[in-house]
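Q: The following file, model_34.cif, comprises mmCIF, C-alpha atoms:
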```cif
data_work
#
loop_
_atom_site.label_atom_id
_atom_site.label_comp_id
_atom_site.auth_asym_id
_atom_site.auth_seq_id
_atom_site.Cartn_x
_atom_site.Cartn_y
_atom_site.Cartn_z
CA MET A 1148 34.44 66.78 13.69
CA LYS A 1149 36.44 69.97 14.23
CA ILE A 1150 36.70 72.49 17.03
CA THR A 1151 35.18 75.76 15.86
CA HIS A 1152 35.07 77.97 18.94
CA VAL A 1153 36.88 78.36 22.23
CA GLU A 1154 35.33 80.75 24.74
CA VAL A 1155 35.88 81.89 28.32
CA HIS A 1156 32.87 82.67 30.52
CA ARG A 1157 33.27 84.70 33.68
CA ILE A 1158 31.48 83.31 36.75
CA ASP A 1159 31.10 84.43 40.34
CA VAL A 1160 32.87 82.21 42.86
CA PRO A 1161 31.29 82.82 46.28
CA ALA A 1162 33.42 83.31 49.37
CA ALA A 1163 33.48 80.52 51.97
CA SER A 1164 31.02 81.10 54.78
CA PRO A 1165 32.41 81.20 57.37
CA PRO A 1166 35.92 82.03 56.11
CA PHE A 1167 38.63 79.52 56.97
CA ARG A 1168 42.40 79.41 57.16
CA TRP A 1169 45.33 77.14 56.42
CA ARG A 1170 48.61 76.79 58.30
CA ASP A 1171 50.62 79.77 59.46
CA GLY A 1172 52.21 81.51 56.49
CA LEU A 1173 49.55 80.59 53.93
CA SER A 1174 46.55 82.57 52.74
CA GLY A 1175 43.14 81.51 53.96
CA SER A 1176 39.92 81.15 51.99
CA ALA A 1177 39.48 83.61 49.14
CA PRO A 1178 36.91 86.39 49.00
CA VAL A 1179 34.30 86.48 46.23
CA GLY A 1180 36.25 85.86 43.05
CA ASP A 1181 36.04 86.01 39.29
CA GLY A 1182 36.17 82.37 38.25
CA ALA A 1183 36.06 81.13 34.68
CA VAL A 1184 34.68 78.33 32.55
CA LEU A 1185 36.50 77.18 29.43
CA HIS A 1186 33.93 76.31 26.74
CA ILE A 1187 34.92 74.33 23.64
CA GLY A 1188 32.46 73.81 20.75
CA THR A 1189 32.52 71.98 17.40
CA ASP A 1190 31.01 72.11 13.93
CA GLU A 1191 28.74 69.16 14.83
CA GLY A 1192 27.35 70.74 17.98
CA ALA A 1193 29.33 68.68 20.51
CA GLU A 1194 30.52 70.84 23.43
CA GLY A 1195 32.54 70.53 26.60
CA VAL A 1196 33.46 72.75 29.53
CA ALA A 1197 36.03 72.96 32.32
CA LEU A 1198 35.88 75.02 35.50
CA PHE A 1199 38.76 77.23 36.67
CA ALA A 1200 37.81 78.66 40.07
CA ARG A 1201 41.04 79.97 41.58
CA PRO A 1202 41.45 83.68 42.44
CA GLY A 1203 42.10 85.68 39.28
CA ALA A 1204 40.99 82.78 37.09
CA TYR A 1205 39.01 84.77 34.55
CA SER A 1206 41.73 87.23 33.58
CA THR A 1207 44.35 84.47 33.53
CA LEU A 1208 42.34 82.12 31.34
CA ARG A 1209 41.02 84.79 29.00
CA ASP A 1210 44.59 85.91 28.30
CA LEU A 1211 45.77 82.35 27.66
CA VAL A 1212 42.86 81.56 25.34
CA ASP A 1213 43.25 84.78 23.35
CA ARG A 1214 47.03 84.59 23.17
CA VAL A 1215 47.80 80.84 23.02
CA PHE A 1216 45.04 78.24 23.28
CA ARG A 1217 42.49 79.32 20.65
CA ALA A 1218 44.98 79.25 17.80
CA GLU A 1219 46.01 75.73 18.79
CA LEU A 1220 42.49 74.38 19.19
CA VAL A 1221 40.39 75.81 16.35
CA GLY A 1222 40.38 73.30 13.51
CA ALA A 1223 41.62 70.43 15.69
CA ASP A 1224 39.81 67.12 16.17
CA PRO A 1225 38.34 67.16 19.72
CA PHE A 1226 38.75 63.40 20.02
CA GLN A 1227 42.52 63.67 19.61
CA ARG A 1228 42.90 64.36 23.30
CA GLU A 1229 46.28 62.65 23.46
CA TRP A 1230 47.75 64.88 20.78
CA LEU A 1231 46.29 68.01 22.33
CA TRP A 1232 47.50 67.01 25.80
CA HIS A 1233 51.04 66.76 24.43
CA ARG A 1234 50.61 70.10 22.66
CA VAL A 1235 49.79 71.83 25.95
CA TRP A 1236 53.05 70.55 27.43
CA GLU A 1237 54.90 71.82 24.36
CA LEU A 1238 53.28 75.23 24.82
CA ASP A 1239 54.28 75.19 28.48
CA ARG A 1240 57.93 75.03 27.47
CA ILE A 1241 57.74 78.60 26.13
CA HIS A 1242 54.80 80.13 27.97
CA GLU A 1243 55.36 78.69 31.49
CA LEU A 1244 51.66 78.02 31.94
CA PRO A 1245 50.27 78.22 35.50
CA LEU A 1246 50.10 74.68 36.88
CA PRO A 1247 46.28 74.58 37.32
CA THR A 1248 45.75 75.62 33.67
CA LEU A 1249 47.70 72.69 32.19
CA GLY A 1250 44.71 70.35 32.41
CA LEU A 1251 41.80 72.64 31.54
CA ILE A 1252 41.70 71.82 27.83
CA ASP A 1253 41.96 68.12 28.62
CA ILE A 1254 39.06 68.27 31.10
CA ALA A 1255 36.86 70.16 28.63
CA LEU A 1256 37.62 67.61 25.89
CA TRP A 1257 36.81 64.68 28.18
CA ASP A 1258 33.55 66.44 29.09
CA LEU A 1259 32.80 66.87 25.39
CA ALA A 1260 33.46 63.19 24.72
CA GLY A 1261 31.21 62.10 27.57
CA ARG A 1262 28.37 64.30 26.38
CA TYR A 1263 28.84 63.15 22.79
CA HIS A 1264 28.64 59.48 23.82
CA GLY A 1265 25.97 60.03 26.49
CA GLU A 1266 28.16 58.58 29.25
CA PRO A 1267 29.75 59.91 32.45
CA VAL A 1268 33.48 60.29 32.00
CA TRP A 1269 34.37 57.75 34.71
CA ARG A 1270 32.79 55.08 32.53
CA LEU A 1271 34.68 56.21 29.44
CA LEU A 1272 37.84 55.81 31.53
CA GLY A 1273 36.95 52.16 32.10
CA GLY A 1274 35.10 52.37 35.40
CA PHE A 1275 36.35 50.55 38.48
CA ARG A 1276 33.75 51.26 41.18
CA ASP A 1277 30.45 53.04 41.68
CA ALA A 1278 31.06 54.28 45.24
CA ILE A 1279 34.05 55.19 47.41
CA PRO A 1280 34.46 56.12 51.10
CA ALA A 1281 35.15 59.76 51.95
CA TYR A 1282 37.52 61.18 54.54
CA ALA A 1283 37.13 64.57 56.18
CA SER A 1284 40.00 66.85 55.16
CA THR A 1285 40.10 69.70 57.68
CA SER A 1286 41.12 73.28 57.31
CA THR A 1287 43.14 74.70 60.22
CA PHE A 1288 41.33 75.34 63.50
CA SER A 1289 42.41 77.29 66.57
CA SER A 1290 43.08 74.61 69.18
CA ILE A 1291 43.40 70.91 69.84
CA ALA A 1292 39.98 71.02 71.51
CA GLU A 1293 38.40 72.39 68.32
CA PHE A 1294 40.07 69.73 66.17
CA LEU A 1295 38.86 66.95 68.47
CA ASP A 1296 35.31 68.31 68.45
CA VAL A 1297 35.35 68.55 64.64
CA ALA A 1298 36.62 64.96 64.48
CA ASP A 1299 33.72 63.78 66.64
CA GLN A 1300 31.22 65.56 64.39
CA CYS A 1301 32.80 64.13 61.23
CA LEU A 1302 32.71 60.57 62.49
CA ALA A 1303 29.10 60.99 63.66
CA LEU A 1304 28.21 62.19 60.14
CA GLY A 1305 29.65 59.04 58.60
CA TYR A 1306 33.09 60.10 57.39
CA ARG A 1307 35.45 57.11 57.20
CA GLY A 1308 38.67 58.88 58.17
CA ILE A 1309 40.16 62.27 59.09
CA LYS A 1310 43.05 64.21 57.62
CA LEU A 1311 44.56 67.12 59.49
CA HIS A 1312 45.80 70.41 58.09
CA ALA A 1313 47.37 71.91 61.21
CA TRP A 1314 49.48 74.95 62.14
CA GLY A 1315 52.85 74.29 60.54
CA ASP A 1316 54.67 74.04 63.89
CA ALA A 1317 56.33 70.63 64.23
CA ARG A 1318 56.09 70.41 68.02
CA ARG A 1319 52.51 71.69 68.23
CA ASP A 1320 51.32 69.63 65.25
CA ALA A 1321 52.86 66.48 66.75
CA GLU A 1322 50.96 67.11 69.98
CA LEU A 1323 47.72 67.45 68.00
CA CYS A 1324 48.34 64.29 65.98
CA LEU A 1325 48.99 62.22 69.10
CA ALA A 1326 45.96 63.71 70.87
CA LEU A 1327 43.66 62.90 67.95
CA ARG A 1328 44.83 59.28 67.84
CA GLU A 1329 44.23 58.91 71.57
CA HIS A 1330 40.81 60.56 71.21
CA VAL A 1331 39.42 58.47 68.31
CA GLY A 1332 41.09 55.17 69.16
CA PRO A 1333 43.18 52.80 67.05
CA SER A 1334 40.68 51.87 64.33
CA VAL A 1335 39.94 55.25 62.68
CA PRO A 1336 42.18 55.99 59.66
CA LEU A 1337 44.09 59.23 60.25
CA MET A 1338 46.23 61.22 57.83
CA TYR A 1339 48.30 64.39 58.13
CA ASP A 1340 49.00 67.04 55.46
CA GLY A 1341 51.88 69.41 56.17
CA SER A 1342 51.07 71.81 53.31
CA ALA A 1343 54.81 72.04 52.65
CA GLY A 1344 55.44 73.82 55.93
CA PHE A 1345 58.68 72.19 57.11
CA ASP A 1346 62.34 71.69 56.42
CA LEU A 1347 63.79 68.19 56.65
CA PRO A 1348 64.70 68.21 60.40
CA ASP A 1349 61.22 69.31 61.45
CA ALA A 1350 59.59 66.93 58.96
CA ILE A 1351 61.53 64.06 60.57
CA ARG A 1352 60.55 65.18 64.07
CA LEU A 1353 56.86 65.28 63.14
CA GLY A 1354 57.07 62.09 61.09
CA ARG A 1355 58.27 60.16 64.14
CA ALA A 1356 55.16 61.26 66.05
CA LEU A 1357 52.96 60.19 63.14
CA SER A 1358 54.71 56.82 63.07
CA GLU A 1359 54.06 56.38 66.79
CA ALA A 1360 50.38 57.24 66.31
CA ASP A 1361 49.97 54.87 63.33
CA TYR A 1362 48.87 57.46 60.77
CA LEU A 1363 47.90 56.04 57.38
CA TRP A 1364 49.92 58.59 55.43
CA TYR A 1365 52.11 61.68 55.79
CA GLU A 1366 51.48 64.16 52.98
CA GLU A 1367 53.60 66.98 51.56
CA PRO A 1368 55.53 68.08 54.67
CA ILE A 1369 58.28 69.71 52.53
CA ARG A 1370 58.13 71.76 49.34
CA GLU A 1371 58.49 69.30 46.50
CA PHE A 1372 61.54 70.83 44.89
CA SER A 1373 64.00 68.41 46.53
CA ILE A 1374 63.32 64.75 45.88
CA SER A 1375 66.48 63.89 47.80
CA ALA A 1376 64.97 65.50 50.94
CA TYR A 1377 61.94 63.25 50.57
CA GLN A 1378 64.19 60.27 49.97
CA ARG A 1379 65.99 60.99 53.26
CA LEU A 1380 62.66 61.45 55.06
CA ALA A 1381 61.41 58.10 53.77
CA GLU A 1382 64.58 56.42 55.03
CA THR A 1383 64.17 57.96 58.49
CA VAL A 1384 60.47 57.67 59.45
CA ASP A 1385 58.12 54.70 59.37
CA VAL A 1386 54.91 56.55 58.52
CA PRO A 1387 54.21 56.10 54.77
CA LEU A 1388 54.68 59.17 52.57
CA LEU A 1389 52.16 60.50 50.04
CA VAL A 1390 54.03 62.77 47.62
CA ALA A 1391 54.08 64.61 44.27
CA GLU A 1392 51.01 66.81 44.75
CA THR A 1393 52.21 70.20 43.56
CA SER A 1394 55.38 69.28 41.69
CA ASP A 1395 55.14 70.20 38.02
CA GLY A 1396 55.40 67.45 35.44
CA ALA A 1397 52.50 65.05 36.19
CA HIS A 1398 53.60 61.40 35.82
CA MET A 1399 57.07 62.45 34.69
CA ASN A 1400 57.87 64.00 38.06
CA ALA A 1401 55.98 61.35 40.03
CA ALA A 1402 58.22 58.75 38.39
CA ASP A 1403 61.31 60.33 39.96
CA PHE A 1404 59.73 60.35 43.44
CA ILE A 1405 58.92 56.65 43.04
CA ARG A 1406 62.36 55.77 41.66
CA ALA A 1407 64.00 57.52 44.63
CA GLY A 1408 62.00 55.45 47.11
CA ALA A 1409 60.23 58.56 48.41
CA ALA A 1410 56.64 57.47 47.67
CA THR A 1411 56.28 54.86 50.41
CA PHE A 1412 52.47 55.18 50.43
CA GLY A 1413 51.98 56.56 46.95
CA VAL A 1414 51.59 59.67 44.84
CA ARG A 1415 48.89 62.27 44.38
CA ALA A 1416 46.63 62.11 41.33
CA GLY A 1417 44.12 64.82 40.52
CA THR A 1418 42.90 66.91 37.64
CA THR A 1419 43.91 70.31 39.00
CA LEU A 1420 47.65 69.84 39.54
CA ARG A 1421 48.47 66.73 37.48
CA GLY A 1422 47.60 67.90 33.98
CA GLY A 1423 43.89 67.12 33.82
CA ILE A 1424 42.29 63.71 33.53
CA THR A 1425 44.86 62.38 31.09
CA GLY A 1426 47.75 63.36 33.37
CA ALA A 1427 46.03 61.98 36.46
CA MET A 1428 45.34 58.62 34.78
CA ARG A 1429 48.95 58.40 33.62
CA THR A 1430 50.06 59.03 37.20
CA ALA A 1431 47.69 56.40 38.57
CA HIS A 1432 48.84 53.74 36.10
CA LEU A 1433 52.47 54.55 36.84
CA ALA A 1434 51.87 54.12 40.58
CA ASP A 1435 49.95 50.91 40.02
CA ALA A 1436 52.90 49.42 38.16
CA TYR A 1437 54.90 49.82 41.38
CA ARG A 1438 51.96 48.58 43.52
CA LEU A 1439 51.58 52.02 45.10
CA ARG A 1440 48.48 54.11 45.72
CA ALA A 1441 47.41 57.08 43.60
CA GLU A 1442 45.28 59.13 45.98
CA VAL A 1443 42.94 61.58 44.29
CA HIS A 1444 43.49 65.15 45.47
CA GLY A 1445 40.57 67.54 45.84
CA SER A 1446 36.82 67.36 45.92
CA ASP A 1447 35.78 68.98 42.66
CA ILE A 1448 33.58 67.09 40.21
CA PRO A 1449 36.31 65.96 37.76
CA ASN A 1450 37.93 64.24 40.72
CA HIS A 1451 34.66 62.42 41.50
CA HIS A 1452 35.10 60.77 38.12
CA LEU A 1453 38.74 59.94 38.80
CA CYS A 1454 37.80 58.28 42.10
CA MET A 1455 35.46 55.94 40.25
CA ALA A 1456 37.98 55.15 37.51
CA ILE A 1457 41.28 54.69 39.40
CA SER A 1458 41.67 51.24 40.95
CA ASN A 1459 44.51 52.16 43.32
CA THR A 1460 42.91 55.10 45.11
CA THR A 1461 41.52 54.64 48.62
CA TYR A 1462 39.31 57.61 49.48
CA TYR A 1463 37.50 60.68 48.24
CA GLU A 1464 38.79 63.89 49.86
CA SER A 1465 35.95 65.98 51.34
CA LEU A 1466 36.87 69.40 52.69
CA VAL A 1467 35.63 70.37 56.18
CA THR A 1468 36.23 74.05 56.93
CA SER A 1469 33.93 74.98 59.82
CA VAL A 1470 33.80 74.02 63.48
CA ASN A 1471 30.10 73.38 62.84
CA VAL A 1472 30.49 70.52 60.40
CA VAL A 1473 28.09 70.14 57.50
CA ARG A 1474 28.59 66.99 55.44
CA GLU A 1475 29.37 67.70 51.80
CA ARG A 1476 26.34 67.07 49.62
CA HIS A 1477 28.12 64.41 47.57
CA VAL A 1478 28.80 62.33 50.71
CA ASP A 1479 25.95 60.20 52.09
CA ASP A 1480 25.26 59.32 55.73
CA GLN A 1481 27.37 56.17 55.38
CA GLY A 1482 30.37 58.25 54.35
CA LEU A 1483 30.20 57.16 50.72
CA VAL A 1484 30.43 59.15 47.50
CA HIS A 1485 28.52 57.62 44.61
CA ALA A 1486 29.45 57.72 40.94
CA PRO A 1487 28.08 60.61 38.86
CA ALA A 1488 25.25 59.52 36.59
CA GLY A 1489 24.96 62.29 33.99
CA PRO A 1490 26.89 62.51 30.71
CA GLY A 1491 30.26 64.20 30.65
CA ILE A 1492 31.64 65.73 33.85
CA ALA A 1493 29.31 68.63 34.93
CA LEU A 1494 29.85 71.99 36.55
CA PRO A 1495 29.10 72.27 40.29
CA LEU A 1496 25.89 73.83 41.55
CA ASP A 1497 27.65 76.33 43.80
CA PHE A 1498 28.59 79.10 41.39
CA GLY A 1499 26.77 81.85 39.52
CA TYR A 1500 26.43 80.90 35.85
CA GLY A 1501 24.93 82.64 32.86
CA SER A 1502 22.13 80.92 30.96
CA GLU A 1503 24.52 79.59 28.31
CA LEU A 1504 26.24 77.39 30.91
CA LEU A 1505 23.17 76.02 32.69
CA PRO A 1506 22.95 72.90 30.46
CA PHE A 1507 26.36 71.87 31.79
CA VAL A 1508 25.54 72.19 35.52
CA GLU A 1509 25.16 69.05 37.62
CA GLN A 1510 21.66 67.90 38.52
CA PRO A 1511 20.96 67.62 42.25
CA ARG A 1512 20.39 64.09 43.48
#
```
As structure tokens - that is how I would like this structure written.

A:
Amino acid sequence: MKITHVEVHRIDVPAASPPFRWRDGLSGSAPVGDGAVLHIGTDEGAEGVALFARPGAYSTLRDLVDRVFRAELVGADPFQREWLWHRVWELDRIHELPLPTLGLIDIALWDLAGRYHGEPVWRLLGGFRDAIPAYASTSTFSSIAEFLDVADQCLALGYRGIKLHAWGDARRDAELCLALREHVGPSVPLMYDGSAGFDLPDAIRLGRALSEADYLWYEEPIREFSISAYQRLAETVDVPLLVAETSDGAHMNAADFIRAGAATFGVRAGTTLRGGITGAMRTAHLADAYRLRAEVHGSDIPNHHLCMAISNTTYYESLVTSVNVVRERHVDDQGLVHAPAGPGIALPLDFGYGSELLPFVEQPR
């Protein structure tokens, strides 16, 4: 079997309703955007797709396919995912590929393999579980009172834990984290994500509050350029650190965080920023060798499959962006996400697709 065509389809990515925001200094939710789907086909009719839904995705991906990817892929064996994964990293050396594009070919080839074999990808990866608890991962709200109200709604809807994305002010965020622990009591798992908003002194200040409030993990408080800063943070605070989310290099970079003693809870694994499914699985196996967690980042469908395949992940991350909480459709009233049943990976229902992509869209439960 050989790859014969590589196409890019433009899709409409709807704006969040209502719009939401992240910490001070970061952009909020995007307006209606031009997303893209990478579509790989073969001489035997096997096909696979991968979604790229970030702002500007269509123009970015179309350029990369026309200029770089198509020439590499046409004529290649689609089942040689390992070889093609390495080729993408070789191409990155010259072309400096945007981090979220490094895994798109890999995801499309895993989707193709699943469809060819008639199996969901999580089963091709070995399969570890068929359900996983979900935590509510908040956007940034206006006040402590709003956060506490959202937390109450999330717990009433069945979510098994809550992760805060707050304002990026160490003193104010610490006050929120302590207030949430007091509000929900000692038994609810709580996490905090700093979205890389702090330098080391403020990260230490906030980390001490999280330690006092018994948070499960402390995620990405500092930009991940300086592993030595994370090493110092790990030596100074008791709250466990979850690291290596946005740092380029997949398992290669995660290895250095672990070796430095900076991953005291674990490392991030996910298809979007860790080089696709192959990169995420490498990262998870690396972490497992050190008896650390590999927490799956993001709630898109490829990450559903990772959650079912990775033994050392704890939760599914479900985004909550409104003060009027609506439980994500993949999460049931017990706070569980169940394994996908269809072949391959599937595109989400949410976007506007042309007729040629409809066979790849997930089926509602």

Q: What gap, in Å, lies between CA of Ala1391 (chain A) and CA of Arg1429 (chain A)?

A: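 Separation between CA of Ala1391 (chain A) and CA of Arg1429 (chain A): 13.4 Å.
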
Q: Which value, in Å to one decimal, gives the distance between CA of Leu1466 (chain A) and CA of Ala1281 (chain A)?

A: 9.8 Å

Q: Going by the chain IDs and residue numbers used in this file, which residues fall under the PyMOL selection byres ((chain A and resi 1311) around 9)? Write them as number ranges by chain.

A: A: 1283-1287, 1294, 1309-1310, 1312-1313, 1324, 1337-1341

Q: Using the chain letters and residue numbers of this document, give as an MDAnalysis selection string the residues selected by the PyMOL selection byres ((chain A and resi 1343-1358) around 9).

A: chainID A and resid 1170:1172 1314:1318 1320:1322 1324:1325 1338:1342 1359:1371 1376:1377 1379:1380 1383:1387

Q: Taking only C-alpha atoms into account, which of A:Thr1430, A:Ser1375, A:Ile1241, A:Leu1504 comes nearest Gly1408 (chain A)?

A: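 Ranked by minimum distance to Gly1408 (chain A), first place goes to A:Ser1375.
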